[in-house]
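**Student:** Submitted below is the structure of interest, expressed as structure tokens.
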Amino acid sequence: MIQQIKPILVALKRHKAGTVLIALQIALTLAIVCNALFIIEQRVNRLQRPTGVTESDLLAVQSRFVGATDADTPPLIRSDVLALRQVPGVADAYATNSFPLRGGGWSTGIKTDPDARKSITQTTQYFVDEHALATLGSKLVEGRNFNAGEVSVTDPKAMKTAPQILITKALGEKLFPKQSALGKVVYLGDDKSPATVIGVLDRLQVPWSGTWADNFQEYAVLQPYQLSGNFTVYLIRAKPGQLAAITKAVPETLFKVNHMRVITGKRGIRSFEKVRADAYRSDRGMAILMSVVCLVLLAITAAGIVGLTSFWVGQRRKQIGVRRALGATRGDILGYFMTENLLIGAVGVVIGAGLAIGMNLWLVSHFEMARLSLLYVLAGIVLLLILGQGAVLAPALRAARVSPVEATRSA
Amino acid sequence: MFAYYFQLGLRSLRRNPMLTALMIMAIGFGVAASMTTYSVFRATSNNPIPQKSSVLFAPQIDNWGPEDNDKGEPPSAMTYTDAMALIRAHKAKRQTALYPIAISVVPDDANKLPVMENSYAVYGDAFTMFDIPFLYGGGWTSNEDDAHAAVAVISRALNEKLFNGANSVGRALNIDGHSYKITGVMDTWDPQPLFFDPVNTSGFDDPTQVFIPFTRAIDLNLLTAGNNNCNKSAGDGYEAWLHSECVWIEFWAELPDRAAADEYKQFLTGYAAEQQRSGRFRWAPNVRLSDVMTWMDVQKVVPPESKISLLVALGFLLICLVNTVGLLLAKFMRRSSEIGVRRALGAPRREIYAQFLMESATIGLVGGVLGLVLTGVGVLCIGLVFEPDIARLARLDVKLVLLTLMVAIGATVLAAFYPTWRAAQVQPAWQLKSN
């Protein structure tokens with residue numbers, strides 16, 4: 001094989017343009033495929049983040065009362081919730097301000113020292129009652145749930161932190177590293193009212209799926225409050241298999257209880273499956289788009305290699321015949337074209353690796369993307385070299401079948 | 001002669017069907033990927049109000065200081081305190097503060113359910129500033145602003161729904177149980193991006209259906225339906241919130257020329273300096289003044305997904321072209337003997353160029369047609385990648401069709417230059433001899 005390299009290089013010198021084109025194509029393909037694979041991996045990782053919610057059989061409804069003052073709303077919300085829990089097929093329900101992946105919600109700083117100027121981290125706040133955990137299907141790892149006596153009505157514009165709260169395990173670990181958060185006291189925002197952690201949830205995601213919330217994805221505080229105000233979110237757990245039935249029954253029930261309301265638009269009634277799809281639409285879409293681009297690109301590059309190599313084989317039939325007549329085996333001819341492709345491919349991937357890293361650096365500086373892992377470049381290099389060898393196989397086999405008699409024919 | 005070369009081109013498509021199919025597919029896919037992603041980019045980077053984009057300005061005032069602001073940039077929205085100070089100073093030709101409100105319209109017919117509509121609280125100047133077209137009546141004036149009047153402007157669609165499209169100017173509109181007098185019905189107005197409030201909509205939302213006076217919305221203690229960002233607790237109650245450092249108002253000033261804009265910027269700096277002297281700001285004035293397109297840029301209205309996918313698609317097209325150069329080279333060089341014969345019979349190089357470039361243009365045209373079909377499929381699938389509010393903007397219109405074909409033909413001809421040059425270099429004597 002090594003002795004073959006020199007004649008290959010000499011031959012390639014006579015096909016500079018084709019050689020350069022194949023190498024260039026491999027290089028550019030590598031650059032784009034590496035970055036696309038990396039984007040796919042990053043997006044898929046986001047899609048796989050758990051919410052901490054049992055997502056099947058869960059329904060979210062957003063409702064706004066019309067013509068009611070804020071003070072009127074607590075009894076209206078109460079009767080909605082009681083009516084929802086009576087709907088056949090409903091396992092449990094509660095009213096809240098937001099839920100994981102909803103898209104909008106509250107975020108606040110949280111700290112352990114009321115006089116500290118800076119909070120330790122951002123956290124989201126969910127205002128819930130004692131039915132929330134059962135409805136969401138979220139598990140406590142320590143402590144206890146709220147009891148009905150602890151839940152009270154409050155005005156969001158004049159709110160003090162509740163004396164008892166639940167927090168997520170991730171938030172507990174952030175605030176109190178290597179200790180149990182149970183029984184500890186925390187402070188929300190600028191409010192100096194102490195809140196004692198009475199329970200720790202295994203996990204609950206924030207309402208936002210965007211990158212800006214990445215550094216507090218699992219930091220949530222639950223307060224035992226029923227907020228007054230026209231806008232309310234209801235979360236409803238269906239009994240197994242009843243989701244479709246209650247999706248129809250729930251709005252009917254709500255309008256029966258009180259028809260002076262609006263169930264707001266596109267996000268009015270959504271199964272949690274839809275909530276998830278909405279939240280991650282662009283992430284999933286980018287992953288699909290990049291996969292399609294990668295596949296088509298690899299196919300086109302392979303097709304290009306097949307096309308040019310076939311042309312070379314066609315041009316060199318006579319030389320191949322001469323070599324065969326002088327004693328070269330079919331294996332030698334096959335090896336020749338495979339080695340030739342490997343050499344061009346090697347040059348291509350070296351240039352391509354540089355381009356891939358350059359392209360990634362540019363993306364990092366413009367689009368808040370992460371650095372490309374070198375593993376991706378390596379994987380891309382292997383992928384393209386194999387692709388090249390695979391693509392060249394058919395024309396190379398055709399070359400190997402050239403009969404020594406060709407040498408005797410005039411071109 | 002060109003018609004003849006075109007015919008030759010068509011005929012030669014069939015000669016190396018494999019090579020030709022490969023090229024056409026490469027061009028088709030490359031062009032389609034670029035055009036599909038471009039259609040989104042075009043929609044998101046569109047100038048929504050070209051006739052006024054250079055005279056409308058969004059000011060920003062840093063009321064949070066270096067500790068709380070975003071890497072030195074002032075907040076994207078304004079406090080009530082600052083917005084009111086700018087309104088009172090009235091240094092711009094026209095000006096408006098605005099914020100989205102969540103209100104429901106109650107139809108007179110008791111059997112119909114209330115409807116929630118996209119609504120904004122604005123000043124009367126907004127209608128002239130934003131060139132909002134009217135079907136009936138018009139906006140309200142500063143008198144109504146000052147009187148905190150219960151007036152409203154509604155959209156054509158809402159007028160259709162409530163009044164069956166009749167002229168409803170002067171009639172009453174029930175919003176959350178309060179009666180408003182309609183002063184005007186807008187004609188269809190759907191600027192994309194939604195330039196006057198990219199902060200709360202990310203730039204894309206359904207058209208606004210109801211406008212009411214800002215002063216009236218404040219009287220009714222209406223909260224913002226958009227973002228409310230606070231660096232510290234707002235305190236208890238609506239009054240406390242109005243006077244807090246929470247930012248939630250968008251502000252627009254119409255400044256007819258460069259000089260007016262410079263003057264306004266100085267005014268903003270002066271205002272911030274005054275706030276510093278009075279002790280409210282503990283930092284040097286930090287203000288910004290952006291015209292519409294700058295503001296769209298600052299607010300990152302073009303989603304990064306759109307830019308990245310366009311870039312990747314252009315890279316994809318480049319690879320397809322490199323591929324095409326190689327395949328064309330193979331295709332043309334196979335015909336060395338034919339070229340040799342033509343040259344020997346007296347065809348000048350110029351003719352060889354014309355013939356082969358025309359042939360590649362033919363390939364480009366066929367590739368473009370394939371690309372057009374694929375672009376159509378792509379545009380239909382945009383909803384998979386982008387929010388519905390953005391996906392609805394991407395269309396395959398006449399301009400995009402022409403551009404697709406032009407890019408396909410142009411790119412192929414460009415790719416054909418080197419192979420054609422090589423073809424024209426063929427030595428007739430050499431070809432004739434060896435055959």
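Every chain in the structure tokens has a letter given in the order shown (A, B, ...), and although residue numbers restart at 1 in each chain, ligands are simply numbered from 1 in the order shown.
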Within 6 Å of chain B, which residues of chain A are there when counting only C-alpha atoms? Please give them as an mmCIF file with C-alpha atoms, in the first residue's frame.
**Tutor:**
data_model
loop_
_atom_site.group_PDB
_atom_site.id
_atom_site.type_symbol
_atom_site.label_atom_id
_atom_site.label_comp_id
_atom_site.auth_asym_id
_atom_site.auth_seq_id
_atom_site.Cartn_x
_atom_site.Cartn_y
_atom_site.Cartn_z
ATOM 1 C CA GLN A 25 -16.285 19.061 -0.491
ATOM 2 C CA VAL A 66 -64.746 39.183 32.887
ATOM 3 C CA GLY A 67 -66.070 42.191 34.767
ATOM 4 C CA LYS A 157 -49.958 43.049 44.702
ATOM 5 C CA ALA A 158 -49.567 43.002 48.504
ATOM 6 C CA ASP A 190 -36.768 41.760 49.436
ATOM 7 C CA SER A 282 -38.024 25.253 18.203
ATOM 8 C CA GLY A 285 -37.575 21.618 15.021
ATOM 9 C CA MET A 286 -33.884 22.566 14.951
ATOM 10 C CA GLY A 304 -20.192 13.619 -5.758
ATOM 11 C CA PHE A 311 -15.172 9.622 -14.405
#
**Student:** With only C-alpha atoms as the counted atoms, please give the residues lying no more than 9 Å from stretch 327-340 of chain A, apart from itself and same-chain residues fewer than 4 positions off, as a list in words.
**Tutor:**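 After dropping sequence-adjacent residues, the list is Met1, Gln4, Ile5, Ile8, Leu9, Leu12, Thr309, Val313, Ile320, Val322, Arg323, Ile344, Gly345, Gly388, Gln389, Val392, Leu393, Pro395, Ala396, Leu397, Arg398, Ala399, Ala400, Arg401 and Val402 of chain A.
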**Student:** Would you put the residues from that selection into a file with N, CA and C atoms, as a PDB file, in the first residue's frame?
**Tutor:**
ATOM      1  N   MET A   1       0.827  -1.197   0.000  1.00  0.00           N
ATOM      2  CA  MET A   1       0.000   0.000   0.000  1.00  0.00           C
ATOM      3  C   MET A   1       0.863   1.249   0.000  1.00  0.00           C
ATOM      4  N   GLN A   4       2.309   2.200  -3.155  1.00  0.00           N
ATOM      5  CA  GLN A   4       1.314   2.747  -4.083  1.00  0.00           C
ATOM      6  C   GLN A   4       1.184   4.251  -3.969  1.00  0.00           C
ATOM      7  N   ILE A   5       1.529   4.773  -2.773  1.00  0.00           N
ATOM      8  CA  ILE A   5       1.232   6.182  -2.524  1.00  0.00           C
ATOM      9  C   ILE A   5       1.919   7.103  -3.517  1.00  0.00           C
ATOM     10  N   ILE A   8       0.243   7.252  -6.832  1.00  0.00           N
ATOM     11  CA  ILE A   8      -1.060   7.908  -6.682  1.00  0.00           C
ATOM     12  C   ILE A   8      -0.870   9.416  -6.682  1.00  0.00           C
ATOM     13  N   LEU A   9       0.132   9.873  -5.913  1.00  0.00           N
ATOM     14  CA  LEU A   9       0.362  11.319  -5.833  1.00  0.00           C
ATOM     15  C   LEU A   9       0.694  11.876  -7.208  1.00  0.00           C
ATOM     16  N   LEU A  12      -2.466  12.026  -9.166  1.00  0.00           N
ATOM     17  CA  LEU A  12      -3.361  13.087  -8.703  1.00  0.00           C
ATOM     18  C   LEU A  12      -2.932  14.450  -9.219  1.00  0.00           C
ATOM     19  N   THR A 309     -15.139   9.863  -9.208  1.00  0.00           N
ATOM     20  CA  THR A 309     -14.292   8.675  -9.304  1.00  0.00           C
ATOM     21  C   THR A 309     -14.667   7.843 -10.532  1.00  0.00           C
ATOM     22  N   VAL A 313     -12.167   6.624 -13.389  1.00  0.00           N
ATOM     23  CA  VAL A 313     -12.022   5.223 -13.792  1.00  0.00           C
ATOM     24  C   VAL A 313     -12.219   5.109 -15.303  1.00  0.00           C
ATOM     25  N   ILE A 320      -5.333   1.199 -16.557  1.00  0.00           N
ATOM     26  CA  ILE A 320      -5.639   0.081 -15.668  1.00  0.00           C
ATOM     27  C   ILE A 320      -5.364  -1.233 -16.387  1.00  0.00           C
ATOM     28  N   VAL A 322      -3.242  -1.776 -18.740  1.00  0.00           N
ATOM     29  CA  VAL A 322      -1.800  -1.958 -18.826  1.00  0.00           C
ATOM     30  C   VAL A 322      -1.263  -2.519 -17.515  1.00  0.00           C
ATOM     31  N   ARG A 323      -1.715  -1.940 -16.410  1.00  0.00           N
ATOM     32  CA  ARG A 323      -1.244  -2.431 -15.115  1.00  0.00           C
ATOM     33  C   ARG A 323      -1.627  -3.889 -14.927  1.00  0.00           C
ATOM     34  N   ILE A 344      -7.053  11.651  -0.384  1.00  0.00           N
ATOM     35  CA  ILE A 344      -7.804  12.900  -0.604  1.00  0.00           C
ATOM     36  C   ILE A 344      -8.664  13.188   0.630  1.00  0.00           C
ATOM     37  N   GLY A 345      -9.321  12.123   1.120  1.00  0.00           N
ATOM     38  CA  GLY A 345     -10.173  12.282   2.297  1.00  0.00           C
ATOM     39  C   GLY A 345      -9.392  12.800   3.491  1.00  0.00           C
ATOM     40  N   GLY A 388     -16.425   8.195   2.420  1.00  0.00           N
ATOM     41  CA  GLY A 388     -15.595   8.284   1.226  1.00  0.00           C
ATOM     42  C   GLY A 388     -15.252   6.895   0.701  1.00  0.00           C
ATOM     43  N   GLN A 389     -14.792   6.025   1.616  1.00  0.00           N
ATOM     44  CA  GLN A 389     -14.422   4.663   1.222  1.00  0.00           C
ATOM     45  C   GLN A 389     -15.634   3.914   0.661  1.00  0.00           C
ATOM     46  N   VAL A 392     -16.486   5.227  -2.832  1.00  0.00           N
ATOM     47  CA  VAL A 392     -15.521   4.921  -3.895  1.00  0.00           C
ATOM     48  C   VAL A 392     -15.542   3.428  -4.248  1.00  0.00           C
ATOM     49  N   LEU A 393     -16.176   2.639  -3.380  1.00  0.00           N
ATOM     50  CA  LEU A 393     -16.139   1.187  -3.546  1.00  0.00           C
ATOM     51  C   LEU A 393     -16.694   0.745  -4.910  1.00  0.00           C
ATOM     52  N   PRO A 395     -17.220   2.401  -7.919  1.00  0.00           N
ATOM     53  CA  PRO A 395     -16.358   2.669  -9.077  1.00  0.00           C
ATOM     54  C   PRO A 395     -15.039   1.905  -9.007  1.00  0.00           C
ATOM     55  N   ALA A 396     -14.501   1.712  -7.802  1.00  0.00           N
ATOM     56  CA  ALA A 396     -13.219   1.013  -7.681  1.00  0.00           C
ATOM     57  C   ALA A 396     -13.384  -0.449  -8.082  1.00  0.00           C
ATOM     58  N   LEU A 397     -14.520  -1.052  -7.714  1.00  0.00           N
ATOM     59  CA  LEU A 397     -14.765  -2.443  -8.106  1.00  0.00           C
ATOM     60  C   LEU A 397     -14.899  -2.536  -9.613  1.00  0.00           C
ATOM     61  N   ARG A 398     -15.539  -1.503 -10.189  1.00  0.00           N
ATOM     62  CA  ARG A 398     -15.679  -1.504 -11.635  1.00  0.00           C
ATOM     63  C   ARG A 398     -14.288  -1.426 -12.282  1.00  0.00           C
ATOM     64  N   ALA A 399     -13.420  -0.606 -11.676  1.00  0.00           N
ATOM     65  CA  ALA A 399     -12.055  -0.486 -12.190  1.00  0.00           C
ATOM     66  C   ALA A 399     -11.342  -1.827 -12.099  1.00  0.00           C
ATOM     67  N   ALA A 400     -11.572  -2.528 -10.972  1.00  0.00           N
ATOM     68  CA  ALA A 400     -10.873  -3.800 -10.769  1.00  0.00           C
ATOM     69  C   ALA A 400     -11.311  -4.839 -11.788  1.00  0.00           C
ATOM     70  N   ARG A 401     -12.529  -4.645 -12.329  1.00  0.00           N
ATOM     71  CA  ARG A 401     -13.018  -5.612 -13.313  1.00  0.00           C
ATOM     72  C   ARG A 401     -12.501  -5.343 -14.724  1.00  0.00           C
ATOM     73  N   VAL A 402     -11.787  -4.218 -14.890  1.00  0.00           N
ATOM     74  CA  VAL A 402     -11.261  -3.909 -16.222  1.00  0.00           C
ATOM     75  C   VAL A 402     -10.328  -5.038 -16.651  1.00  0.00           C
TER      76      VAL A 402
END
**Student:** Mind pulling up the distance from atom CA of B:Ala416 to atom CA of B:Pro348?
**Tutor:**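 These atoms are spaced 18.4 Å apart.
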**Student:** Leaving out stretch 289-300 of chain B and any residue of its chain fewer than 4 positions from it, which residues lie within 7 Å of it when counting only C-alpha atoms, given as an NGL selection string?
**Tutor:** :B and (47 or 53-60 or 195 or 198-199 or 265)
**Student:** Compare B:Thr128, B:Thr79, B:Ser336, B:Ser39 by their minimum atom-to-atom distance to B:Gln425, counting only C-alpha atoms, and give me the closest one.
**Tutor:** B:Ser336
**Student:** I'd like the neighbourhood of A:Val61 as a PyMOL selection string, where a residue qualifies if any of its atoms comes within 12 Å (using only C-alpha atoms), though same-chain residues fewer than 3 positions away should be ignored.
**Tutor:** chain A and resi 58+64+80-81+84+93-99+102+231-237+246-251+254+262-272+274-275
**Student:** In stretch 187-393 of chain A, what's alpha helix (DSSP H) per DSSP? Answer as a PyMOL selection string?
**Tutor:** chain A and resi 243-257+272-279+281-315+317-325+330-367+374-393
**Student:** Rounded to one decimal, what separation in Å do you get between atom CA of B:Tyr264 and atom CA of B:Ile61?
**Tutor:**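 Separating atom CA of B:Tyr264 from atom CA of B:Ile61 is a distance of 12.4 Å.
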**Student:** When you draw a straight line from atom CA of B:Arg156 to atom CA of B:Asp205, how long is it in Å?
**Tutor:**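 Going from atom CA of B:Arg156 over to atom CA of B:Asp205, I get 16.8 Å.
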**Student:** Go through stretch 37-285 of chain B and collect every residue that DSSP, computed from the backbone, puts in strand (DSSP E or B); the answer should be as a ChimeraX atom specification.
**Tutor:** /B:56-61,70,73,78,94-105,115-122,134-137,151-154,172-175,178-186,210-213,229,247,249-254
**Student:** Tell me, as a PyMOL selection string, which residues lie within 8 Å of A:Leu175, counting only C-alpha atoms; anything in the same chain fewer than 2 positions away does not count.
**Tutor:** chain A and resi 111-112+120+171-173+177+181
